file input-v1.cif (mmCIF, N, CA and C atoms)
data_structure
loop_
_atom_site.label_atom_id
_atom_site.label_comp_id
_atom_site.auth_asym_id
_atom_site.auth_seq_id
_atom_site.Cartn_x
_atom_site.Cartn_y
_atom_site.Cartn_z
N MET A 8 102.28 59.67 54.24
CA MET A 8 102.71 60.96 53.75
C MET A 8 102.70 61.96 54.90
N SER A 9 103.71 62.76 54.97
CA SER A 9 103.83 63.75 56.04
C SER A 9 102.88 64.91 55.79
N SER A 10 102.30 65.42 56.88
CA SER A 10 101.38 66.55 56.73
C SER A 10 102.13 67.89 56.70
N LEU A 11 103.41 67.87 57.07
CA LEU A 11 104.21 69.10 57.04
C LEU A 11 105.15 69.08 55.84
N ARG A 12 105.13 70.16 55.08
CA ARG A 12 106.06 70.28 53.96
C ARG A 12 107.42 70.70 54.49
N PRO A 13 108.49 70.33 53.80
CA PRO A 13 109.83 70.74 54.25
C PRO A 13 109.99 72.26 54.33
N SER A 14 109.36 72.99 53.43
CA SER A 14 109.47 74.45 53.47
C SER A 14 108.81 75.01 54.74
N THR A 15 107.74 74.37 55.19
CA THR A 15 107.08 74.80 56.42
C THR A 15 107.98 74.57 57.62
N VAL A 16 108.64 73.42 57.66
CA VAL A 16 109.53 73.10 58.77
C VAL A 16 110.72 74.05 58.79
N VAL A 17 111.31 74.30 57.62
CA VAL A 17 112.47 75.20 57.56
C VAL A 17 112.05 76.62 57.93
N GLY A 18 110.93 77.07 57.43
CA GLY A 18 110.45 78.41 57.77
C GLY A 18 110.19 78.57 59.26
N SER A 19 109.58 77.56 59.86
CA SER A 19 109.34 77.61 61.30
C SER A 19 110.64 77.59 62.09
N ALA A 20 111.60 76.79 61.64
CA ALA A 20 112.89 76.72 62.32
C ALA A 20 113.62 78.05 62.25
N VAL A 21 113.57 78.71 61.11
CA VAL A 21 114.21 80.02 60.97
C VAL A 21 113.51 81.05 61.85
N PHE A 22 112.19 81.00 61.91
CA PHE A 22 111.45 81.93 62.76
C PHE A 22 111.77 81.70 64.24
N ILE A 23 111.88 80.45 64.64
CA ILE A 23 112.24 80.13 66.03
C ILE A 23 113.63 80.64 66.35
N PHE A 24 114.58 80.44 65.43
CA PHE A 24 115.94 80.94 65.64
C PHE A 24 115.95 82.46 65.75
N TYR A 25 115.22 83.12 64.86
CA TYR A 25 115.14 84.59 64.88
C TYR A 25 114.57 85.08 66.22
N CYS A 26 113.46 84.51 66.63
CA CYS A 26 112.82 84.96 67.87
C CYS A 26 113.72 84.73 69.08
N THR A 27 114.42 83.61 69.08
CA THR A 27 115.31 83.33 70.20
C THR A 27 116.50 84.29 70.23
N ALA A 28 117.12 84.49 69.08
CA ALA A 28 118.29 85.36 69.02
C ALA A 28 117.93 86.81 69.37
N VAL A 29 116.89 87.33 68.74
CA VAL A 29 116.49 88.71 68.99
C VAL A 29 115.94 88.86 70.41
N GLY A 30 115.23 87.86 70.88
CA GLY A 30 114.68 87.92 72.24
C GLY A 30 115.77 87.99 73.30
N VAL A 31 116.79 87.16 73.17
CA VAL A 31 117.90 87.19 74.13
C VAL A 31 118.65 88.51 74.03
N TYR A 32 118.86 88.98 72.81
CA TYR A 32 119.56 90.26 72.62
C TYR A 32 118.79 91.41 73.28
N LEU A 33 117.49 91.48 72.98
CA LEU A 33 116.70 92.58 73.54
C LEU A 33 116.52 92.45 75.05
N LEU A 34 116.54 91.24 75.55
CA LEU A 34 116.39 91.04 76.98
C LEU A 34 117.63 91.50 77.75
N LEU A 35 118.81 91.24 77.19
CA LEU A 35 120.05 91.51 77.92
C LEU A 35 120.72 92.83 77.55
N ARG A 36 120.56 93.30 76.33
CA ARG A 36 121.29 94.47 75.85
C ARG A 36 121.05 95.75 76.65
N PRO A 37 119.82 96.06 77.04
CA PRO A 37 119.63 97.32 77.77
C PRO A 37 120.35 97.37 79.13
N TRP A 38 120.67 96.22 79.68
CA TRP A 38 121.25 96.18 81.01
C TRP A 38 122.77 96.09 81.00
N THR A 39 123.37 96.08 79.80
CA THR A 39 124.82 96.14 79.73
C THR A 39 125.24 97.61 79.80
N GLY A 40 126.47 97.86 80.13
CA GLY A 40 126.93 99.24 80.26
C GLY A 40 127.20 99.92 78.94
N ALA A 41 127.10 99.21 77.82
CA ALA A 41 127.48 99.77 76.52
C ALA A 41 126.40 100.65 75.91
N ILE A 42 125.20 100.63 76.44
CA ILE A 42 124.12 101.44 75.85
C ILE A 42 124.32 102.90 76.24
N GLY A 43 123.88 103.79 75.38
CA GLY A 43 124.03 105.21 75.65
C GLY A 43 123.30 105.63 76.91
N THR A 44 123.79 106.64 77.55
CA THR A 44 123.18 107.11 78.79
C THR A 44 122.40 108.40 78.56
N GLY A 45 121.77 108.49 77.40
CA GLY A 45 120.95 109.66 77.10
C GLY A 45 119.72 109.69 77.97
N ALA A 46 118.90 110.69 77.76
CA ALA A 46 117.71 110.86 78.58
C ALA A 46 116.75 109.68 78.45
N ILE A 47 116.58 109.20 77.24
CA ILE A 47 115.63 108.10 77.03
C ILE A 47 116.31 106.76 77.24
N ALA A 48 117.47 106.55 76.63
CA ALA A 48 118.13 105.24 76.68
C ALA A 48 118.57 104.88 78.09
N GLY A 49 118.84 105.86 78.93
CA GLY A 49 119.28 105.57 80.29
C GLY A 49 118.13 105.36 81.26
N SER A 50 116.92 105.59 80.82
CA SER A 50 115.75 105.46 81.67
C SER A 50 115.45 103.99 81.97
N GLY A 51 115.09 103.73 83.21
CA GLY A 51 114.71 102.38 83.60
C GLY A 51 113.44 101.91 82.91
N PHE A 52 112.55 102.86 82.64
CA PHE A 52 111.31 102.51 81.93
C PHE A 52 111.61 102.05 80.50
N PHE A 53 112.51 102.75 79.83
CA PHE A 53 112.89 102.37 78.47
C PHE A 53 113.58 101.02 78.47
N ARG A 54 114.48 100.81 79.42
CA ARG A 54 115.18 99.52 79.51
C ARG A 54 114.19 98.38 79.76
N GLY A 55 113.24 98.63 80.63
CA GLY A 55 112.21 97.62 80.90
C GLY A 55 111.35 97.34 79.69
N PHE A 56 111.03 98.39 78.93
CA PHE A 56 110.24 98.23 77.71
C PHE A 56 110.97 97.36 76.70
N VAL A 57 112.26 97.64 76.49
CA VAL A 57 113.04 96.87 75.53
C VAL A 57 113.19 95.43 76.01
N SER A 58 113.40 95.23 77.30
CA SER A 58 113.48 93.88 77.83
C SER A 58 112.15 93.15 77.69
N GLY A 59 111.05 93.88 77.84
CA GLY A 59 109.73 93.29 77.64
C GLY A 59 109.53 92.83 76.20
N LEU A 60 110.03 93.62 75.25
CA LEU A 60 109.97 93.19 73.85
C LEU A 60 110.78 91.90 73.65
N GLY A 61 111.90 91.80 74.34
CA GLY A 61 112.69 90.58 74.27
C GLY A 61 111.91 89.38 74.81
N LEU A 62 111.19 89.57 75.90
CA LEU A 62 110.38 88.49 76.45
C LEU A 62 109.25 88.09 75.50
N VAL A 63 108.68 89.07 74.81
CA VAL A 63 107.62 88.77 73.84
C VAL A 63 108.20 87.93 72.70
N HIS A 64 109.40 88.27 72.22
CA HIS A 64 110.04 87.48 71.18
C HIS A 64 110.32 86.06 71.66
N LEU A 65 110.81 85.92 72.87
CA LEU A 65 111.07 84.59 73.41
C LEU A 65 109.79 83.77 73.55
N ALA A 66 108.71 84.41 73.98
CA ALA A 66 107.44 83.71 74.11
C ALA A 66 106.90 83.27 72.75
N ALA A 67 107.05 84.14 71.74
CA ALA A 67 106.60 83.78 70.39
C ALA A 67 107.41 82.61 69.84
N GLY A 68 108.72 82.63 70.07
CA GLY A 68 109.56 81.52 69.62
C GLY A 68 109.21 80.23 70.33
N ALA A 69 108.95 80.29 71.63
CA ALA A 69 108.59 79.10 72.38
C ALA A 69 107.24 78.54 71.92
N ALA A 70 106.29 79.42 71.65
CA ALA A 70 104.98 78.97 71.17
C ALA A 70 105.10 78.31 69.80
N ASP A 71 105.90 78.88 68.91
CA ASP A 71 106.07 78.29 67.59
C ASP A 71 106.84 76.97 67.67
N LEU A 72 107.79 76.89 68.59
CA LEU A 72 108.51 75.63 68.80
C LEU A 72 107.57 74.53 69.28
N LYS A 73 106.65 74.90 70.15
CA LYS A 73 105.66 73.94 70.65
C LYS A 73 104.76 73.44 69.52
N VAL A 74 104.31 74.36 68.67
CA VAL A 74 103.46 73.99 67.54
C VAL A 74 104.23 73.10 66.56
N LEU A 75 105.47 73.47 66.27
CA LEU A 75 106.29 72.69 65.34
C LEU A 75 106.58 71.30 65.88
N SER A 76 106.90 71.20 67.16
CA SER A 76 107.21 69.88 67.72
C SER A 76 105.97 68.98 67.74
N ARG A 77 104.81 69.57 68.01
CA ARG A 77 103.57 68.77 67.96
C ARG A 77 103.28 68.31 66.53
N GLY A 78 103.49 69.20 65.58
CA GLY A 78 103.25 68.83 64.18
C GLY A 78 104.20 67.74 63.71
N LEU A 79 105.46 67.83 64.13
CA LEU A 79 106.43 66.81 63.73
C LEU A 79 106.14 65.48 64.41
N SER A 80 105.74 65.49 65.67
CA SER A 80 105.45 64.24 66.36
C SER A 80 104.18 63.60 65.82
N THR A 81 103.21 64.42 65.42
CA THR A 81 101.97 63.91 64.84
C THR A 81 102.24 63.28 63.47
N SER A 82 103.06 63.96 62.66
CA SER A 82 103.36 63.43 61.33
C SER A 82 104.24 62.19 61.42
N ALA A 83 105.13 62.14 62.42
CA ALA A 83 105.97 60.95 62.59
C ALA A 83 105.13 59.76 63.05
N ALA A 84 104.17 60.01 63.92
CA ALA A 84 103.29 58.94 64.39
C ALA A 84 102.38 58.46 63.26
N GLY A 85 101.94 59.38 62.41
CA GLY A 85 101.08 59.02 61.27
C GLY A 85 101.84 58.23 60.22
N ASP A 86 103.13 58.53 60.02
CA ASP A 86 103.93 57.80 59.05
C ASP A 86 104.20 56.38 59.51
N GLY A 87 104.41 56.19 60.79
CA GLY A 87 104.72 54.87 61.31
C GLY A 87 103.50 53.97 61.43
N ALA A 88 102.31 54.54 61.51
CA ALA A 88 101.09 53.75 61.69
C ALA A 88 100.70 53.02 60.42
N GLY A 89 101.07 53.55 59.26
CA GLY A 89 100.67 52.92 58.01
C GLY A 89 101.56 51.78 57.58
N ARG A 90 102.63 51.51 58.29
CA ARG A 90 103.57 50.46 57.90
C ARG A 90 103.23 49.14 58.49
#

call {"tool": "encode", "arguments": {"input": "input-v1.cif", "output": "structure tokens"}}
result
Amino acid sequence: MSSLRPSTVVGSAVFIFYCTAVGVYLLLRPWTGAIGTGAIAGSGFFRGFVSGLGLVHLAAGAADLKVLSRGLSTSAAGDGAGR
């Protein structure tokens, strides 16, 4: 019997997708020319802050992917051992 429920796997996969998509967006968006050039939005500090949030999202997605892949490999190894 698998130790991971399908809802857990799907939820983790959706979270990984979210973190990756938002992380890439936040990492690259401030450095495109389309962002407003107001006092705050045009600041290098603000752009760096937003890019840092993107890196945090990417790190969270990578950490959850690592946990999910270990859980799947453990449950796959456990399923094959009983046969």

call {"tool": "residues_near_point", "arguments": {"input": "input-v1.cif", "point": "(115.1, 83.9, 76.3)", "cutoff": "8 Å", "atoms": "only N, CA and C atoms", "output": "VMD selection string"}}
result
chain A and resid 26 to 32 34 61 to 62 64 to 66

call {"tool": "axis_aligned_box", "arguments": {"input": "input-v1.cif", "around": "range 43-54 of chain A", "padding_each_side": "6 Å", "output": "AutoDock Vina command-line options"}}
result
--center_x 117.7 --center_y 104.6 --center_z 79.5 --size_x 24.7 --size_y 24.5 --size_z 20.2

call {"tool": "closest_residue", "arguments": {"input": "input-v1.cif", "among": "A:Val57, A:Val74, A:Val17, A:Val63", "to": "Pro37 in chain A", "atoms": "only N, CA and C atoms"}}
result
A:Val57

call {"tool": "closest_residue", "arguments": {"input": "input-v1.cif", "among": "A:Gly45, A:Gly40, A:Gly51, A:Gly68", "to": "Ile23 in chain A", "atoms": "only N, CA and C atoms"}}
result
A:Gly68

call {"tool": "closest_residue", "arguments": {"input": "input-v1.cif", "among": "A:Leu75, A:Ala69, A:Leu35, A:Val21", "to": "Arg54 in chain A", "atoms": "only C-alpha atoms"}}
result
A:Leu35

call {"tool": "atom_distance", "arguments": {"input": "input-v1.cif", "atom1": "atom N of Ala48 in chain A", "atom2": "atom C of Leu33 in chain A"}}
result
14.2 Å

call {"tool": "atom_distance", "arguments": {"input": "input-v1.cif", "atom1": "atom C of Gly55 in chain A", "atom2": "atom N of Ala67 in chain A"}}
result
16.0 Å

call {"tool": "select_by_dssp", "arguments": {"input": "input-v1.cif", "residues": "chain A", "states": "alpha helix (DSSP H)", "output": "JSON, numbers by chain"}}
result
{"A": [13, 14, 15, 16, 17, 18, 19, 20, 21, 22, 23, 24, 25, 26, 27, 28, 29, 30, 31, 32, 33, 34, 35, 51, 52, 53, 54, 55, 56, 57, 58, 59, 60, 61, 62, 63, 64, 65, 66, 67, 68, 69, 70, 71, 72, 73, 74, 75, 76, 77, 78, 79, 80, 81, 82, 83, 84, 85, 86, 87, 88]}

call {"tool": "atom_distance", "arguments": {"input": "input-v1.cif", "atom1": "atom N of Ser19 in chain A", "atom2": "CA of Asp71 in chain A"}}
result
8.5 Å

call {"tool": "decode", "arguments": {"input": "input-v1.cif", "residues": "range 40-85 of chain A", "atoms": "C-alpha atoms", "output": "PDB file, in the first residue's frame"}}
result
ATOM      1  CA  GLY A  40      10.839  47.416 -19.726  1.00  0.00           C
ATOM      2  CA  ALA A  41       7.061  47.074 -19.290  1.00  0.00           C
ATOM      3  CA  ILE A  42       6.997  47.896 -15.573  1.00  0.00           C
ATOM      4  CA  GLY A  43       6.079  51.420 -14.550  1.00  0.00           C
ATOM      5  CA  THR A  44       8.894  53.864 -13.989  1.00  0.00           C
ATOM      6  CA  GLY A  45       7.393  55.465 -10.909  1.00  0.00           C
ATOM      7  CA  ALA A  46       9.422  56.400  -7.882  1.00  0.00           C
ATOM      8  CA  ILE A  47       9.078  53.016  -6.228  1.00  0.00           C
ATOM      9  CA  ALA A  48       8.640  50.652  -9.184  1.00  0.00           C
ATOM     10  CA  GLY A  49      11.665  52.078 -10.994  1.00  0.00           C
ATOM     11  CA  SER A  50      13.941  51.688  -7.986  1.00  0.00           C
ATOM     12  CA  GLY A  51      16.648  49.061  -8.157  1.00  0.00           C
ATOM     13  CA  PHE A  52      15.966  48.156  -4.543  1.00  0.00           C
ATOM     14  CA  PHE A  53      12.311  47.435  -5.299  1.00  0.00           C
ATOM     15  CA  ARG A  54      13.240  45.395  -8.375  1.00  0.00           C
ATOM     16  CA  GLY A  55      15.726  43.410  -6.322  1.00  0.00           C
ATOM     17  CA  PHE A  56      13.135  42.834  -3.608  1.00  0.00           C
ATOM     18  CA  VAL A  57      10.593  41.493  -6.095  1.00  0.00           C
ATOM     19  CA  SER A  58      13.234  39.304  -7.730  1.00  0.00           C
ATOM     20  CA  GLY A  59      14.181  38.024  -4.276  1.00  0.00           C
ATOM     21  CA  LEU A  60      10.567  37.015  -3.685  1.00  0.00           C
ATOM     22  CA  GLY A  61      10.755  35.124  -6.970  1.00  0.00           C
ATOM     23  CA  LEU A  62      13.842  33.273  -5.759  1.00  0.00           C
ATOM     24  CA  VAL A  63      12.067  32.394  -2.510  1.00  0.00           C
ATOM     25  CA  HIS A  64       9.169  30.931  -4.509  1.00  0.00           C
ATOM     26  CA  LEU A  65      11.568  28.922  -6.668  1.00  0.00           C
ATOM     27  CA  ALA A  66      13.389  27.613  -3.590  1.00  0.00           C
ATOM     28  CA  ALA A  67      10.094  26.598  -1.955  1.00  0.00           C
ATOM     29  CA  GLY A  68       9.020  24.785  -5.125  1.00  0.00           C
ATOM     30  CA  ALA A  69      12.364  22.998  -5.387  1.00  0.00           C
ATOM     31  CA  ALA A  70      12.218  21.929  -1.737  1.00  0.00           C
ATOM     32  CA  ASP A  71       8.686  20.570  -2.141  1.00  0.00           C
ATOM     33  CA  LEU A  72       9.694  18.785  -5.342  1.00  0.00           C
ATOM     34  CA  LYS A  73      12.543  17.132  -3.455  1.00  0.00           C
ATOM     35  CA  VAL A  74      10.197  16.001  -0.670  1.00  0.00           C
ATOM     36  CA  LEU A  75       7.622  14.722  -3.165  1.00  0.00           C
ATOM     37  CA  SER A  76      10.172  12.807  -5.228  1.00  0.00           C
ATOM     38  CA  ARG A  77      11.599  11.166  -2.103  1.00  0.00           C
ATOM     39  CA  GLY A  78       8.113  10.216  -0.953  1.00  0.00           C
ATOM     40  CA  LEU A  79       7.240   8.745  -4.342  1.00  0.00           C
ATOM     41  CA  SER A  80      10.495   6.792  -4.596  1.00  0.00           C
ATOM     42  CA  THR A  81      10.057   5.469  -1.051  1.00  0.00           C
ATOM     43  CA  SER A  82       6.482   4.376  -1.698  1.00  0.00           C
ATOM     44  CA  ALA A  83       7.451   2.801  -5.038  1.00  0.00           C
ATOM     45  CA  ALA A  84      10.270   0.869  -3.371  1.00  0.00           C
ATOM     46  CA  GLY A  85       7.913  -0.236  -0.576  1.00  0.00           C
TER      47      GLY A  85
END
